[in-house]
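The data block below is structure07.cif; it holds mmCIF, C-alpha atoms.
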```cif
data_structure
loop_
_atom_site.label_atom_id
_atom_site.label_comp_id
_atom_site.auth_asym_id
_atom_site.auth_seq_id
_atom_site.Cartn_x
_atom_site.Cartn_y
_atom_site.Cartn_z
CA MET A 1 -128.62 -118.00 91.08
CA LYS A 2 -129.31 -117.23 87.41
CA THR A 3 -132.72 -118.88 87.63
CA MET A 4 -133.55 -116.82 90.73
CA LEU A 5 -132.62 -113.66 88.88
CA ARG A 6 -134.43 -114.58 85.70
CA TYR A 7 -137.93 -114.77 87.22
CA PRO A 8 -138.02 -111.38 88.99
CA LEU A 9 -136.61 -109.88 85.79
CA ALA A 10 -139.37 -111.48 83.70
CA VAL A 11 -142.01 -110.31 86.19
CA ALA A 12 -140.59 -106.78 86.13
CA ILE A 13 -140.60 -106.70 82.31
CA LEU A 14 -144.15 -108.03 82.24
CA ALA A 15 -145.31 -105.51 84.86
CA ALA A 16 -143.62 -102.69 82.99
CA GLY A 17 -145.29 -103.80 79.78
CA VAL A 18 -148.72 -104.02 81.41
CA SER A 19 -148.40 -100.66 83.14
CA PHE A 20 -147.11 -99.10 79.92
CA ASN A 21 -150.15 -100.44 78.06
CA VAL A 22 -152.50 -99.20 80.78
CA LEU A 23 -150.84 -95.80 80.82
CA ALA A 24 -150.64 -95.65 77.03
CA GLY A 25 -154.43 -95.76 76.57
CA PRO A 26 -155.95 -94.63 73.30
CA PRO A 27 -153.89 -92.43 70.96
CA PRO A 28 -154.27 -88.67 71.59
CA GLY A 29 -156.22 -88.07 68.40
CA GLN A 30 -158.89 -90.65 69.18
CA VAL A 31 -162.37 -89.55 70.22
CA ASP A 32 -164.77 -91.84 72.01
CA PHE A 33 -168.12 -91.08 70.40
CA GLY A 34 -169.68 -93.94 72.35
CA LYS A 35 -172.16 -96.53 71.11
CA PHE A 36 -175.09 -95.59 68.92
CA THR A 37 -178.40 -97.33 68.58
CA PRO A 38 -179.79 -97.59 65.06
CA PRO A 39 -182.96 -95.55 64.64
CA GLY A 40 -186.25 -97.39 64.22
CA ASP A 41 -188.57 -97.17 61.20
CA GLY A 42 -185.84 -98.10 58.71
CA GLY A 43 -183.79 -95.00 59.47
CA GLN A 44 -180.27 -94.72 58.13
CA PHE A 45 -177.38 -96.02 60.21
CA VAL A 46 -173.80 -96.35 59.00
CA GLU A 47 -170.85 -97.39 61.12
CA VAL A 48 -167.38 -97.78 59.66
CA GLN A 49 -164.31 -98.50 61.72
CA ILE A 50 -161.03 -99.19 59.97
CA ASN A 51 -158.07 -99.76 62.23
CA SER A 52 -154.33 -99.52 61.64
CA ASN A 53 -154.07 -103.20 60.60
CA LEU A 54 -156.35 -102.70 57.64
CA LEU A 55 -155.01 -99.26 56.82
CA SER A 56 -151.43 -100.49 56.62
CA LEU A 57 -152.66 -103.40 54.53
CA ALA A 58 -154.40 -100.97 52.17
CA ALA A 59 -151.23 -98.85 52.05
CA ARG A 60 -149.11 -101.87 51.16
CA THR A 61 -151.58 -102.87 48.47
CA VAL A 62 -151.57 -99.52 46.66
CA GLU A 63 -147.88 -98.81 47.32
CA LYS A 64 -146.66 -99.56 43.79
CA GLN A 65 -149.49 -98.01 41.81
CA GLN A 66 -150.24 -94.99 44.01
CA PRO A 67 -147.33 -94.07 46.28
CA ASP A 68 -149.01 -90.78 47.34
CA ALA A 69 -152.14 -92.62 48.43
CA ALA A 70 -149.98 -95.14 50.30
CA ARG A 71 -148.24 -92.28 52.14
CA LEU A 72 -151.60 -90.78 53.05
CA LEU A 73 -152.90 -94.11 54.34
CA ARG A 74 -149.68 -94.77 56.30
CA GLY A 75 -150.19 -91.52 58.21
CA VAL A 76 -153.57 -92.69 59.46
CA GLN A 77 -154.10 -95.06 62.40
CA LEU A 78 -157.87 -95.21 62.64
CA VAL A 79 -160.88 -94.06 60.66
CA ARG A 80 -164.25 -94.04 62.32
CA VAL A 81 -167.42 -92.83 60.64
CA ASN A 82 -170.90 -92.80 62.16
CA VAL A 83 -174.00 -91.68 60.31
CA ILE A 84 -177.22 -91.79 62.28
CA GLY A 85 -180.47 -90.95 60.54
CA LEU A 86 -182.70 -88.60 62.47
CA THR A 87 -186.29 -89.46 63.24
CA ASP A 88 -188.84 -87.68 65.43
CA GLU A 89 -187.88 -90.06 68.24
CA ASN A 90 -184.11 -89.53 68.28
CA ARG A 91 -183.66 -86.01 66.82
CA ALA A 92 -183.50 -84.13 70.13
CA GLU A 93 -181.35 -86.78 71.83
CA MET A 94 -178.85 -87.04 68.96
CA THR A 95 -178.50 -83.27 68.59
CA LYS A 96 -177.86 -82.96 72.30
CA ARG A 97 -175.33 -85.78 72.14
CA VAL A 98 -173.36 -84.14 69.34
CA GLN A 99 -173.37 -80.84 71.22
CA ARG A 100 -171.95 -82.68 74.23
CA ILE A 101 -169.23 -84.30 72.08
CA ARG A 102 -168.26 -80.83 70.79
CA HIS A 103 -168.18 -79.49 74.33
CA ASP A 104 -165.97 -82.40 75.42
CA LEU A 105 -163.59 -81.79 72.50
CA ASP A 106 -163.27 -78.14 73.49
CA ALA A 107 -162.64 -79.16 77.09
CA GLN A 108 -159.98 -81.71 76.03
CA GLY A 109 -157.95 -79.06 74.26
CA TRP A 110 -158.90 -79.79 70.66
CA ASP A 111 -158.57 -76.83 68.29
CA HIS A 112 -161.94 -75.77 66.96
CA ASN A 113 -160.88 -74.86 63.43
CA VAL A 114 -164.05 -74.32 61.51
CA THR A 115 -167.75 -73.91 62.24
CA VAL A 116 -170.05 -73.77 59.28
CA GLN A 117 -173.71 -73.00 59.80
CA GLU A 118 -175.73 -73.22 56.63
CA LYS A 119 -179.09 -71.57 56.02
CA ASN A 120 -180.83 -74.94 55.99
CA GLY A 121 -179.71 -75.48 59.57
CA GLU A 122 -176.75 -77.74 58.74
CA ASP A 123 -174.08 -77.27 61.34
CA VAL A 124 -170.51 -78.48 60.74
CA GLY A 125 -167.72 -78.42 63.30
CA ILE A 126 -164.12 -79.34 62.53
CA TYR A 127 -161.65 -80.01 65.31
CA THR A 128 -157.98 -80.91 65.17
CA LYS A 129 -155.58 -82.15 67.78
CA THR A 130 -151.90 -81.38 67.31
CA ARG A 131 -148.93 -83.32 68.56
CA GLY A 132 -145.77 -81.44 69.35
CA GLY A 133 -147.12 -78.25 67.83
CA GLU A 134 -146.81 -79.23 64.16
CA ALA A 135 -147.99 -82.74 63.29
CA LEU A 136 -151.67 -83.51 63.57
CA ALA A 137 -152.65 -86.27 65.98
CA GLY A 138 -156.28 -86.41 64.95
CA LEU A 139 -159.21 -84.85 63.21
CA ALA A 140 -162.83 -84.83 64.37
CA ILE A 141 -165.74 -83.67 62.24
CA THR A 142 -169.26 -83.32 63.53
CA VAL A 143 -172.20 -82.58 61.26
CA ILE A 144 -175.77 -81.96 62.37
CA ASP A 145 -178.26 -81.89 59.55
CA PRO A 146 -181.45 -81.44 61.58
CA LYS A 147 -183.68 -82.70 58.79
CA GLU A 148 -181.78 -85.84 57.90
CA GLN A 149 -178.82 -87.08 59.88
CA VAL A 150 -175.94 -86.65 62.22
CA VAL A 151 -172.42 -87.47 60.96
CA LEU A 152 -169.43 -88.04 63.21
CA ILE A 153 -165.97 -88.64 61.81
CA ASN A 154 -162.77 -89.29 63.67
CA ILE A 155 -159.50 -89.80 61.86
CA VAL A 156 -156.53 -90.61 64.07
CA GLY A 157 -153.16 -89.73 62.58
CA ASP A 158 -151.46 -87.01 60.64
CA ILE A 159 -154.13 -85.86 58.23
CA ARG A 160 -155.35 -82.39 57.33
CA PRO A 161 -159.01 -81.46 56.72
CA GLU A 162 -158.34 -80.89 53.00
CA GLN A 163 -157.11 -84.51 52.69
CA VAL A 164 -160.39 -85.99 53.97
CA ALA A 165 -161.96 -86.22 50.49
CA ALA A 166 -158.86 -87.98 49.12
CA LEU A 167 -158.94 -90.45 52.01
CA GLY A 168 -162.66 -91.03 51.36
CA GLU A 169 -161.86 -91.74 47.72
CA LYS A 170 -159.08 -94.16 48.57
CA LEU A 171 -161.11 -96.06 51.15
CA ASP A 172 -164.35 -95.64 49.19
CA ILE A 173 -166.31 -94.36 52.18
CA LYS A 174 -169.19 -92.23 50.91
CA PRO A 175 -169.76 -90.08 54.04
CA LEU A 176 -166.04 -89.24 54.07
CA LYS A 177 -166.20 -88.25 50.40
CA ASP A 178 -169.31 -86.13 51.01
CA VAL A 179 -167.87 -84.35 54.03
CA GLY A 180 -164.54 -83.92 52.24
CA ALA A 181 -166.29 -82.31 49.27
CA ALA A 182 -168.29 -80.04 51.61
CA LEU A 183 -165.06 -78.99 53.33
CA LYS A 184 -163.46 -78.20 49.98
CA ASP A 185 -166.48 -76.08 49.01
CA ALA A 186 -166.36 -74.24 52.32
CA ALA A 187 -162.61 -73.64 51.90
CA SER A 188 -163.06 -72.28 48.37
CA LYS A 189 -165.88 -69.99 49.58
CA ASP A 190 -163.59 -68.73 52.35
CA ALA A 191 -160.72 -68.23 49.92
CA ALA A 192 -162.76 -66.22 47.39
CA PRO A 193 -163.45 -63.13 49.57
CA LYS A 194 -159.91 -63.36 50.96
CA GLU A 195 -158.52 -62.83 47.47
CA GLU A 196 -160.64 -59.71 47.10
CA ALA A 197 -159.91 -58.39 50.57
CA PRO A 198 -156.65 -59.90 51.85
CA LYS A 199 -156.66 -57.79 55.00
CA LYS A 200 -159.77 -59.50 56.31
CA ALA A 201 -159.12 -61.55 59.45
CA ALA A 202 -158.20 -65.16 58.74
CA PRO A 203 -160.39 -67.84 60.33
CA LYS A 204 -159.29 -69.20 63.67
CA ASN A 205 -156.72 -71.95 63.20
CA MET B 1 -144.32 -161.95 47.92
CA LEU B 2 -141.18 -163.89 48.53
CA TRP B 3 -140.50 -161.94 51.71
CA SER B 4 -143.67 -163.34 53.24
CA VAL B 5 -142.19 -166.82 53.33
CA LEU B 6 -138.79 -165.79 54.59
CA VAL B 7 -138.10 -165.93 58.28
CA PHE B 8 -135.71 -163.43 59.77
CA ASN B 9 -133.89 -164.38 62.91
CA LEU B 10 -132.56 -161.96 65.44
CA THR B 11 -129.04 -161.84 64.01
CA GLY B 12 -130.38 -160.67 60.69
CA THR B 13 -129.51 -163.76 58.69
CA VAL B 14 -132.13 -165.29 56.45
CA LYS B 15 -133.33 -168.82 56.97
CA ILE B 16 -135.22 -170.52 54.24
CA PRO B 17 -137.70 -173.10 55.51
CA PRO B 18 -137.01 -176.65 54.39
CA SER B 19 -140.09 -176.83 52.22
CA SER B 20 -138.97 -173.74 50.32
CA ALA B 21 -135.55 -175.16 49.89
CA MET B 22 -137.03 -178.16 48.18
CA ASN B 23 -139.20 -176.11 45.84
CA PRO B 24 -138.17 -172.43 45.97
CA THR B 25 -140.51 -171.20 43.22
CA SER B 26 -143.74 -172.45 44.76
CA PRO B 27 -144.32 -171.36 48.37
CA PRO B 28 -146.87 -173.26 50.41
CA PRO B 29 -150.48 -172.32 49.57
CA ALA B 30 -151.18 -171.52 53.27
CA ALA B 31 -148.64 -168.66 53.20
CA ARG B 32 -149.66 -167.32 49.79
CA ARG B 33 -153.38 -166.96 50.55
CA PRO B 34 -153.19 -164.01 53.05
CA ALA B 35 -150.96 -162.06 50.67
CA ARG B 36 -153.38 -162.65 47.82
CA ARG B 37 -156.24 -161.59 50.03
CA LEU B 38 -154.36 -158.43 50.93
CA TRP B 39 -153.95 -157.57 47.28
CA LEU B 40 -157.58 -158.36 46.64
CA TRP B 41 -158.64 -156.13 49.53
CA GLY B 42 -156.34 -153.45 48.28
CA ILE B 43 -157.80 -153.61 44.78
CA LEU B 44 -161.33 -153.51 46.17
CA ALA B 45 -160.66 -150.84 48.79
CA THR B 46 -158.86 -148.34 46.54
CA PRO B 47 -161.86 -147.39 44.40
CA LEU B 48 -164.04 -147.47 47.52
CA LEU B 49 -161.64 -145.11 49.26
CA LEU B 50 -161.53 -142.87 46.21
CA LEU B 51 -165.32 -142.91 46.11
CA LEU B 52 -165.45 -142.02 49.82
CA LEU B 53 -162.98 -139.19 49.30
CA LEU B 54 -164.98 -137.93 46.35
CA GLY B 55 -168.16 -138.17 48.43
CA ALA B 56 -166.53 -136.25 51.29
CA GLY B 57 -165.30 -133.66 48.80
CA VAL B 58 -168.75 -133.26 47.28
CA ALA B 59 -170.35 -133.15 50.76
CA SER B 60 -167.87 -130.44 51.82
CA LEU B 61 -169.10 -128.34 48.89
CA PHE B 62 -172.44 -128.06 50.68
CA HIS B 63 -171.02 -127.66 54.17
CA LEU B 64 -170.40 -124.05 55.18
CA GLY B 65 -167.31 -122.99 57.11
CA SER B 66 -167.45 -122.76 60.90
CA ASP B 67 -167.55 -118.93 61.05
CA VAL B 68 -170.48 -118.62 58.65
CA ARG B 69 -172.28 -121.44 60.42
CA ALA B 70 -171.83 -119.73 63.79
CA LEU B 71 -173.11 -116.47 62.34
CA ARG B 72 -176.10 -118.17 60.72
CA ASN B 73 -176.97 -120.13 63.86
CA GLU B 74 -176.82 -117.04 66.07
CA LEU B 75 -178.96 -115.01 63.68
CA ILE B 76 -181.57 -117.74 63.36
CA LYS B 77 -181.55 -118.50 67.09
CA SER B 78 -181.84 -114.89 68.18
CA ARG B 79 -184.42 -113.77 65.62
CA GLY B 80 -186.47 -116.95 65.50
CA GLY B 81 -188.86 -117.19 62.57
CA GLU B 82 -188.67 -119.76 59.84
CA TRP B 83 -185.73 -119.53 57.49
CA ARG B 84 -185.48 -121.65 54.40
CA GLN B 85 -182.08 -122.50 53.08
CA GLN B 86 -181.81 -121.72 49.40
CA ILE B 87 -178.14 -122.30 48.79
CA ALA B 88 -175.19 -123.42 50.90
CA LEU B 89 -172.02 -123.73 48.91
CA ASN B 90 -168.45 -123.95 50.02
CA ALA B 91 -165.40 -124.06 47.80
CA GLY B 92 -162.13 -125.00 49.45
CA ARG B 93 -158.58 -124.50 48.24
CA LEU B 94 -158.54 -127.73 46.23
CA THR B 95 -161.83 -126.97 44.47
CA LEU B 96 -160.81 -123.44 43.58
CA TYR B 97 -157.38 -124.63 42.48
CA ALA B 98 -159.08 -127.15 40.19
CA VAL B 99 -161.36 -124.39 38.84
CA ARG B 100 -158.33 -122.14 38.21
CA VAL B 101 -156.49 -124.92 36.41
CA GLY B 102 -159.61 -125.84 34.46
CA LEU B 103 -160.16 -122.27 33.33
CA ALA B 104 -156.50 -121.57 32.61
CA GLY B 105 -156.96 -121.97 28.87
CA VAL B 106 -160.39 -120.36 28.71
CA ARG B 107 -160.73 -116.75 27.61
CA LEU B 108 -162.10 -114.93 30.65
CA ASP B 109 -162.87 -111.34 31.54
CA PRO B 110 -159.70 -109.98 33.23
CA GLY B 111 -161.76 -108.94 36.25
CA ALA B 112 -163.18 -112.43 36.65
CA ARG B 113 -159.72 -113.94 36.32
CA ALA B 114 -158.30 -111.54 38.90
CA ALA B 115 -161.14 -112.43 41.27
CA LEU B 116 -160.49 -116.13 40.72
CA GLN B 117 -156.80 -115.63 41.45
CA SER B 118 -157.59 -113.67 44.60
CA ILE B 119 -159.99 -116.12 46.22
CA GLN B 120 -158.50 -119.09 48.05
CA THR B 121 -161.63 -120.34 49.83
CA ALA B 122 -165.21 -119.12 49.62
CA GLY B 123 -168.54 -120.02 51.17
CA VAL B 124 -172.01 -118.70 50.43
CA GLY B 125 -175.27 -119.34 52.24
CA VAL B 126 -178.61 -117.92 51.11
CA TYR B 127 -181.61 -118.12 53.43
CA GLN B 128 -185.11 -116.90 52.82
CA LEU B 129 -187.60 -115.84 55.43
CA ALA B 130 -190.73 -117.96 55.14
CA SER B 131 -193.70 -116.07 53.75
CA GLY B 132 -195.94 -114.69 56.45
CA THR B 133 -193.08 -114.31 58.92
CA PRO B 134 -192.87 -110.70 60.16
CA PRO B 135 -189.57 -109.04 59.15
CA PRO B 136 -187.04 -109.24 61.97
CA ASP B 137 -185.65 -106.17 63.71
CA ARG B 138 -182.48 -105.36 61.74
CA ALA B 139 -180.80 -103.60 64.64
CA ALA B 140 -181.27 -106.71 66.78
CA MET B 141 -179.93 -108.84 63.91
CA LEU B 142 -176.83 -106.66 63.75
CA ALA B 143 -176.35 -106.97 67.51
CA ALA B 144 -176.72 -110.77 67.30
CA ALA B 145 -174.25 -110.95 64.43
CA ASP B 146 -171.81 -108.76 66.37
CA SER B 147 -171.96 -110.98 69.42
CA ALA B 148 -171.44 -114.18 67.37
CA MET B 149 -168.50 -112.79 65.46
CA THR B 150 -166.82 -110.95 68.34
CA ALA B 151 -166.80 -114.19 70.33
CA ARG B 152 -164.86 -115.79 67.46
CA GLY B 153 -162.23 -113.03 67.25
CA TRP B 154 -163.78 -110.98 64.47
CA GLU B 155 -164.59 -107.28 64.49
CA ARG B 156 -167.15 -105.36 62.51
CA VAL B 157 -165.56 -103.03 59.99
CA VAL B 158 -168.74 -101.84 58.34
CA GLY B 159 -172.35 -101.83 59.47
CA VAL B 160 -175.12 -100.26 57.40
CA LEU B 161 -178.85 -100.16 58.05
CA ASP B 162 -180.92 -98.41 55.44
CA GLY B 163 -184.59 -98.98 54.76
CA HIS B 164 -185.04 -102.75 54.74
CA ASP B 165 -181.37 -103.43 54.08
CA LEU B 166 -178.72 -104.55 56.48
CA VAL B 167 -175.07 -104.99 55.53
CA ALA B 168 -172.28 -105.95 57.88
CA VAL B 169 -168.65 -106.73 57.06
CA TYR B 170 -166.42 -108.52 59.55
CA MET B 171 -162.69 -109.06 59.55
CA PRO B 172 -160.41 -110.86 61.99
CA GLU B 173 -159.14 -108.67 64.82
CA LYS B 174 -155.61 -110.08 64.51
CA ASN B 175 -153.38 -111.74 61.94
CA VAL B 176 -154.50 -109.62 59.04
CA SER B 177 -152.01 -110.05 56.23
CA VAL B 178 -152.03 -108.90 52.64
CA HIS B 179 -151.60 -112.47 51.38
CA HIS B 180 -154.12 -114.06 53.71
CA LEU B 181 -157.15 -111.86 54.15
CA LYS B 182 -160.35 -113.21 55.65
CA CYS B 183 -163.67 -111.49 55.39
CA CYS B 184 -167.24 -112.34 56.34
CA VAL B 185 -170.23 -110.46 54.94
CA LEU B 186 -173.87 -110.44 56.00
CA VAL B 187 -176.54 -108.95 53.72
CA PHE B 188 -180.26 -108.91 54.51
CA ASP B 189 -182.86 -107.17 52.37
CA GLY B 190 -185.94 -107.82 54.50
CA LYS B 191 -186.67 -111.20 52.92
CA GLU B 192 -183.44 -112.87 51.98
CA MET B 193 -180.27 -113.22 54.00
CA VAL B 194 -176.93 -113.84 52.31
CA LEU B 195 -173.86 -114.89 54.26
CA VAL B 196 -170.51 -114.92 52.50
CA SER B 197 -167.09 -115.84 53.77
CA VAL B 198 -164.01 -115.35 51.65
CA GLN B 199 -160.37 -115.97 52.26
CA GLY B 200 -157.65 -115.03 49.88
CA ASN B 201 -155.03 -112.69 48.60
CA PRO B 202 -156.63 -109.38 47.52
CA GLN B 203 -153.55 -108.29 45.55
CA PRO B 204 -154.63 -109.51 42.04
CA ILE B 205 -158.14 -108.02 42.23
CA LEU B 206 -156.88 -104.75 43.73
CA THR B 207 -154.18 -104.46 41.09
CA TYR B 208 -156.84 -104.99 38.44
CA ALA B 209 -159.13 -102.38 40.05
CA LEU B 210 -156.32 -99.84 40.38
CA ASN B 211 -155.17 -100.37 36.77
CA ARG B 212 -158.74 -99.92 35.60
CA THR B 213 -159.10 -96.68 37.59
CA ASP B 214 -155.78 -95.41 36.18
CA SER B 215 -156.77 -96.19 32.59
CA ARG B 216 -160.16 -94.50 33.10
CA GLN B 217 -158.51 -91.39 34.52
CA ALA B 218 -156.06 -91.34 31.60
CA LYS B 219 -158.98 -91.55 29.15
CA PHE B 220 -160.71 -88.54 30.72
CA LYS B 221 -157.57 -86.39 30.82
#
```
For this file, write the structure as C-alpha cells.
Amino acid sequence: MKTMLRYPLAVAILAAGVSFNVLAGPPPGQVDFGKFTPPGDGGQFVEVQINSNLLSLAARTVEKQQPDAARLLRGVQLVRVNVIGLTDENRAEMTKRVQRIRHDLDAQGWDHNVTVQEKNGEDVGIYTKTRGGEALAGLAITVIDPKEQVVLINIVGDIRPEQVAALGEKLDIKPLKDVGAALKDAASKDAAPKEEAPKKAAPKN
Amino acid sequence: MLWSVLVFNLTGTVKIPPSSAMNPTSPPPAARRPARRLWLWGILATPLLLLLLLGAGVASLFHLGSDVRALRNELIKSRGGEWRQQIALNAGRLTLYAVRVGLAGVRLDPGARAALQSIQTAGVGVYQLASGTPPPDRAAMLAAADSAMTARGWERVVGVLDGHDLVAVYMPEKNVSVHHLKCCVLVFDGKEMVLVSVQGNPQPILTYALNRTDSRQAKFK
C-alpha cells in the first residue's frame, strides 16, 4: 500500500516541480536582448554574461576584505553587457533593434527613468523594473552612439543606476565602468541646476 | 621464503615435507628457484616501472587536457587552414605540487607565489597559422568555440572581438565553487592562437590582488 502511494506522490512532486520551473521563467528584471552577430571588418564586439553562480562566488571571495562590495554583488543575479560596433552595414539595423528593445521595455511596464540625448547624437535610455514597489528587480541601459557603437546592459537584481560604476569596478567590466561614469556625470549635471532652482520639476522617476 | 616450502592443509595445521624435516635449513633447489626468479623479476621490473611512470609523467606534460583538445580540434576543423603547434604544455596536480614544494624556500614575488598557490592544474597550447594562410573569420571561430564548449557543459562568460583580436572565456555551467574553479580561455590575434585551461582555487590570488588595491588606495589618500 505504501509503495502504491509513494509513486503517485513522487510523480506529483516531480510534476509540480516541472510546472513551477516552467511557470517561473526568467526573473522579472531580465531582458532578452536576443543574439547579436559580430560586425564584419574587425568591428568591435563585446559580450559579457555573468550569472548568479559566479556573482555569488565573487561575493564570497571579497566578503572579508570588502563587505560592502560583497553586499552589492549578492544583490545581483545576472549581469549582461553587449557592445556592438557600428559599421555602414549594420548601423541602421542595430539602431532600429535598440529602438525596438526600448519600445518592448515600455510595453512590459519598465519605468523609463532617464533619457539623455547628447549633442553628438549619443542617446542613453535607463529603465528600471521594481518588485513590490520598493526593491528593484532589474536595470536596463541602452546606449546608441551613432558614430561608434551600441551598448546594452541588463543587471538583474536590486541595484540602483548610481551603483553601476561601482559594480563595473568590482567586476572589472569596462563598458559598465564607462556607462556608470556617464550616469554619474549626467546625475551631477541634473543636480547642479536643481540646487540653484529647487522648484524646478524633478525628472520622471 | 620458508613459507614457499610449507604446505598448508585444510584444517590449518602445517605439515613439513619429509625432505625439509631432514634438512630444515636448505629447502630443495626446485622450490627455491621460482622464488629467486620472482625477486630477480621484482628487482628488474621496479626501475623499469619507475621509468615507465616517469615517461608517462613526462608525456602527460605535453598532452593537453580533454577540454582544451576539444576546443582546439573544433577550431581547427571548422576553420581549416594549416596550424602549427608551437607549444603544448600541461601541468597536473602532482607537477604543480612538486613546483610549489621546490620553490618553497625560494624568494619569489608575492604575486607569483599567490598565483602558484591558486593554480592546481594548468594547460597551455600555442598554435600559429601557417604563413600565406588567409586569416580566419573571427566571428565564425567564436561560434565554433561556443559550440565545442557548450556541448561539454561550459558557457561563455566573456567574448570580445576587436580588430584582429578574439578573446573568449569559458566557465563550467554547473558546479562552480570557490575552491575548485575551472576556466578555459581562447585568445587569437590574427596569427597566433593561445588556448589556456586552468583549474584551481582563486582565493590566494584574489586576496593578493585585493590587498594590493587596498594598499594603493591607502597610499593615494
Quick one: which residues end up in the PyMOL selection byres ((chain A) within 7 of (chain B)) for this structure, as a list in words?
->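 Answer for the PyMOL selection byres ((chain A) within 7 of (chain B)): Pro38, Gly42, Gly43, Gln44, Phe45, Val46, Glu47, Val48, Gln49, Ile50, Asn53, Leu57 and Thr61 of chain A.
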Could you jot down the CA of Gly34 (chain A) to CA of Gly153 (chain B) separation for me, Å, one decimal place?
-> 21.1 Å
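The space separating CA of Asp67 (chain B) from CA of Leu96 (chain B) comes to 19.3 Å.
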For Ser147 (chain B), the nearest of the candidates B:Leu61, B:Tyr170, B:Ile87, B:Val198, counting only C-alpha atoms |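 Under the stated criterion, the closest residue is B:Tyr170.
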Polymer residues at most 12 Å from region 123-129 of chain B, only C-alpha atoms, same-chain spacing of 6 or more positions, as a tab-separated table (two decimals) with C-alpha atoms, in the coordinates of the input:
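Done, and the output landed in selection_26.tsv:
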```
chain	number	residue	atom	x	y	z
B	60	SER	CA	-167.87	-130.44	51.82
B	61	LEU	CA	-169.10	-128.34	48.89
B	62	PHE	CA	-172.44	-128.06	50.68
B	63	HIS	CA	-171.02	-127.66	54.17
B	64	LEU	CA	-170.40	-124.05	55.18
B	65	GLY	CA	-167.31	-122.99	57.11
B	66	SER	CA	-167.45	-122.76	60.90
B	67	ASP	CA	-167.55	-118.93	61.05
B	68	VAL	CA	-170.48	-118.62	58.65
B	69	ARG	CA	-172.28	-121.44	60.42
B	71	LEU	CA	-173.11	-116.47	62.34
B	72	ARG	CA	-176.10	-118.17	60.72
B	73	ASN	CA	-176.97	-120.13	63.86
B	75	LEU	CA	-178.96	-115.01	63.68
B	76	ILE	CA	-181.57	-117.74	63.36
B	79	ARG	CA	-184.42	-113.77	65.62
B	80	GLY	CA	-186.47	-116.95	65.50
B	81	GLY	CA	-188.86	-117.19	62.57
B	82	GLU	CA	-188.67	-119.76	59.84
B	83	TRP	CA	-185.73	-119.53	57.49
B	84	ARG	CA	-185.48	-121.65	54.40
B	85	GLN	CA	-182.08	-122.50	53.08
B	86	GLN	CA	-181.81	-121.72	49.40
B	87	ILE	CA	-178.14	-122.30	48.79
B	88	ALA	CA	-175.19	-123.42	50.90
B	89	LEU	CA	-172.02	-123.73	48.91
B	90	ASN	CA	-168.45	-123.95	50.02
B	91	ALA	CA	-165.40	-124.06	47.80
B	92	GLY	CA	-162.13	-125.00	49.45
B	93	ARG	CA	-158.58	-124.50	48.24
B	95	THR	CA	-161.83	-126.97	44.47
B	96	LEU	CA	-160.81	-123.44	43.58
B	135	PRO	CA	-189.57	-109.04	59.15
B	136	PRO	CA	-187.04	-109.24	61.97
B	182	LYS	CA	-160.35	-113.21	55.65
B	183	CYS	CA	-163.67	-111.49	55.39
B	184	CYS	CA	-167.24	-112.34	56.34
B	185	VAL	CA	-170.23	-110.46	54.94
B	186	LEU	CA	-173.87	-110.44	56.00
B	187	VAL	CA	-176.54	-108.95	53.72
B	188	PHE	CA	-180.26	-108.91	54.51
B	189	ASP	CA	-182.86	-107.17	52.37
B	190	GLY	CA	-185.94	-107.82	54.50
B	191	LYS	CA	-186.67	-111.20	52.92
B	192	GLU	CA	-183.44	-112.87	51.98
B	193	MET	CA	-180.27	-113.22	54.00
B	194	VAL	CA	-176.93	-113.84	52.31
B	195	LEU	CA	-173.86	-114.89	54.26
B	196	VAL	CA	-170.51	-114.92	52.50
B	197	SER	CA	-167.09	-115.84	53.77
B	198	VAL	CA	-164.01	-115.35	51.65
B	199	GLN	CA	-160.37	-115.97	52.26
```
Residues at most 10 Å from Val116 (chain A), counting all atoms listed in the file, excluding those fewer than 4 positions away in the same chain, as a PyMOL selection string?
-> chain A and resi 121-126+143+183+186
Writing out the chosen residues with C-alpha atoms as a short mmCIF file (atom, residue, chain, number, x, y, z; two decimals), in the coordinates of the input:
```
data_model
loop_
_atom_site.label_atom_id
_atom_site.label_comp_id
_atom_site.auth_asym_id
_atom_site.auth_seq_id
_atom_site.Cartn_x
_atom_site.Cartn_y
_atom_site.Cartn_z
CA GLY A 121 -179.71 -75.48 59.57
CA GLU A 122 -176.75 -77.74 58.74
CA ASP A 123 -174.08 -77.27 61.34
CA VAL A 124 -170.51 -78.48 60.74
CA GLY A 125 -167.72 -78.42 63.30
CA ILE A 126 -164.12 -79.34 62.53
CA VAL A 143 -172.20 -82.58 61.26
CA LEU A 183 -165.06 -78.99 53.33
CA ALA A 186 -166.36 -74.24 52.32
#
```
Starting from the displayed file, determine the output of the PyMOL selection byres ((chain A and resi 166-170) around 12) and express the residue list as a ChimeraX atom specification.
-> /A:48,50,55,58-59,61-62,66-76,78-81,153,155,158-165,171-181,183-184 /B:206,209-210,213
Carefully work through the PyMOL selection byres ((chain A and resi 131) around 12) for this structure and note down the residues it includes, as a ChimeraX atom specification.
-> /A:27-29,109-111,128-130,132-139,156-159
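Taking CA of Gln149 (chain A) and CA of Gln77 (chain A) as the two end points, the separation is 26.1 Å.
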